[in-house]
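This report refers to the structure that appears directly beneath it.
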Amino acid sequence: MGKRETWTTDEFGTSHEGAVGVVLADGSVPEPVYFDSGSGTGGRSVSQWSVYDGRYLRGPRAADVRAVCSCGWTGAEHRLDWTAIGDHELVEAGDPQADACVRDWDEHTEQVEATTVPLPDAVTGLLERLEEEIERLTRTSPVAGLRAARRMEVTAERVGYWAARGTRADLSTERAAAALGLDENAARLLLARLGGWSPYA
């Protein structure tokens with residue numbers, strides 16, 4: 001996969017990494033476009049949607065764009081009107097369609113969140129208030145805010161230890177990953193980090 005702009009959420013990270021994907025007129029997904037640096041030191045492969053304009057020896061012309069996610073999900077296709085685009089740069093003329101892809105991916109992550117194990121309102125409320133209080137504290141004393149953040153880390157490590165070990169005893173990695181909204185590798189690493197064992201054990 002070539003380089004392109006991607007999006008993540010704080011909670012799900014690269015388990016649900018989104019991007020604008022390209023679809024050609026024949027329904028296929030194009031290969032990354034290779035740009036030669038001209039310096040003899042190689043080049044780079046790019047799959048950013050806006051390079052697929054069919055110009056300047058670049059890749060083929062995109063017919064549609066759609067949101068894609070690292071989990072395998074794909075969103076609805078949004079048609080690029082090349083008659084209206086004309087000689088304009090695709091990165092600007094296709095911006096409304098790209099924005100629609102971002103909104104589609106946002107809805108996808110909301111759906112993922114809806115499938116995760118629910119937290120009690122009391123816990124969610126406490127976490128939100130704690131974040132607000134530390135942000136307020138940081139505005140008046142950054143070092144105090146830093147100490148509070150460190151205390152949060154210590155607390156997370158302490159309570160996470162038993163939570164991770166209990167999860168490992170109760171659930172398979174696959175089921176734990178689904179409950180957390182993560183892919184299996186991310187769930188395995190999280191459990192190992194908080195539970196204090198090697199992820200390769």
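By order of appearance in the structure tokens: chains A, B, ..., then residues from 1 within every chain, and ligands from 1 in the order shown.
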
Residues of region 5-195 of chain A in strand (DSSP E or B) according to DSSP, as a list in words?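 Across region 5-195 of chain A, those assigned strand (DSSP E or B) are Trp7, Gly18, Ala19, Val20, Gly21, Val22, Val23, Val33, Tyr34, Phe35, Asp36, Gly43, Arg44, Ser45, Val46, Asp53, Arg61, Asp64, Val65, Arg66, Ala67, Val68, Cys69, Thr74, His78 and Arg79 of chain A.
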
Can I get the selection written as a PDB file, in the first residue's frame, with C-alpha atoms?
ATOM      1  CA  TRP A   7      -7.567   8.797  10.000  1.00  0.00           C
ATOM      2  CA  GLY A  18      -9.649   5.004   7.564  1.00  0.00           C
ATOM      3  CA  ALA A  19      -8.774   6.584   4.237  1.00  0.00           C
ATOM      4  CA  VAL A  20     -10.291   7.688   0.934  1.00  0.00           C
ATOM      5  CA  GLY A  21     -10.114   4.777  -1.480  1.00  0.00           C
ATOM      6  CA  VAL A  22     -10.309   4.927  -5.269  1.00  0.00           C
ATOM      7  CA  VAL A  23     -12.436   2.866  -7.662  1.00  0.00           C
ATOM      8  CA  VAL A  33       1.289   5.283  -8.187  1.00  0.00           C
ATOM      9  CA  TYR A  34       5.090   5.332  -8.247  1.00  0.00           C
ATOM     10  CA  PHE A  35       6.822   8.703  -8.293  1.00  0.00           C
ATOM     11  CA  ASP A  36      10.462   8.655  -9.343  1.00  0.00           C
ATOM     12  CA  GLY A  43      11.098   7.121  -5.410  1.00  0.00           C
ATOM     13  CA  ARG A  44       7.923   6.558  -3.482  1.00  0.00           C
ATOM     14  CA  SER A  45       4.618   4.790  -3.939  1.00  0.00           C
ATOM     15  CA  VAL A  46       1.500   6.860  -3.289  1.00  0.00           C
ATOM     16  CA  ASP A  53      -6.430  12.091 -12.173  1.00  0.00           C
ATOM     17  CA  ARG A  61      -8.335   8.279 -13.605  1.00  0.00           C
ATOM     18  CA  ASP A  64     -15.439   7.033  -7.724  1.00  0.00           C
ATOM     19  CA  VAL A  65     -14.060   7.451  -4.238  1.00  0.00           C
ATOM     20  CA  ARG A  66     -15.200   5.639  -1.129  1.00  0.00           C
ATOM     21  CA  ALA A  67     -14.184   5.367   2.490  1.00  0.00           C
ATOM     22  CA  VAL A  68     -12.086   2.308   3.332  1.00  0.00           C
ATOM     23  CA  CYS A  69     -10.967   0.947   6.691  1.00  0.00           C
ATOM     24  CA  THR A  74     -15.766  -0.116   2.658  1.00  0.00           C
ATOM     25  CA  HIS A  78     -19.193   8.715  -4.463  1.00  0.00           C
ATOM     26  CA  ARG A  79     -19.049   9.603  -8.163  1.00  0.00           C
TER      27      ARG A  79
END

Neighbouring residues of Tyr52 (chain A) were defined as those with any atom within 7 Å, considering only C-alpha atoms; residues of the same chain fewer than 3 positions away were excluded. Please report them as a PDB file with C-alpha atoms, in the first residue's frame.
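The result, written out as selection_35.pdb:
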ATOM      1  CA  TRP A  49      -6.895   9.500  -3.853  1.00  0.00           C
ATOM      2  CA  ARG A  58       0.325   9.539 -13.104  1.00  0.00           C
ATOM      3  CA  GLY A  59      -1.993   6.657 -12.364  1.00  0.00           C
ATOM      4  CA  PRO A  60      -5.335   6.005 -14.018  1.00  0.00           C
ATOM      5  CA  ARG A  61      -8.335   8.279 -13.605  1.00  0.00           C
ATOM      6  CA  ALA A  62     -10.590   7.576 -10.613  1.00  0.00           C
TER       7      ALA A  62
END

Counting only C-alpha atoms, which residue out of A:Ser198, A:Gly145, A:Ala178, A:Arg150 sits closest to Glu133 (chain A)? A:Gly145

Nearest to Glu11 (chain A) among A:Gly86, A:Gln48, A:Tyr161, A:Ala186, with distances taken over only C-alpha atoms: which residue is it?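 Smallest distance to Glu11 (chain A) is found for A:Ala186.
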
Computed interatomic separation between CA of Ala98 (chain A) and CA of Thr6 (chain A) (Å):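 So the two atoms, CA of Ala98 (chain A) and CA of Thr6 (chain A), lie 11.9 Å apart.
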
For CA of Leu182 (chain A) and CA of Phe12 (chain A), the interatomic separation in Å (one decimal):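 Rounded to one decimal, the two atoms are 6.0 Å apart.
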
Would you mind reading off the distance between CA of Asn185 (chain A) and CA of Val159 (chain A), one decimal, in Å?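 Result for CA of Asn185 (chain A) versus CA of Val159 (chain A): 21.7 Å, one decimal.
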
Could you give me the residues within region 14-133 of chain A that DSSP places in alpha helix (DSSP H), as a count of residues only? 42
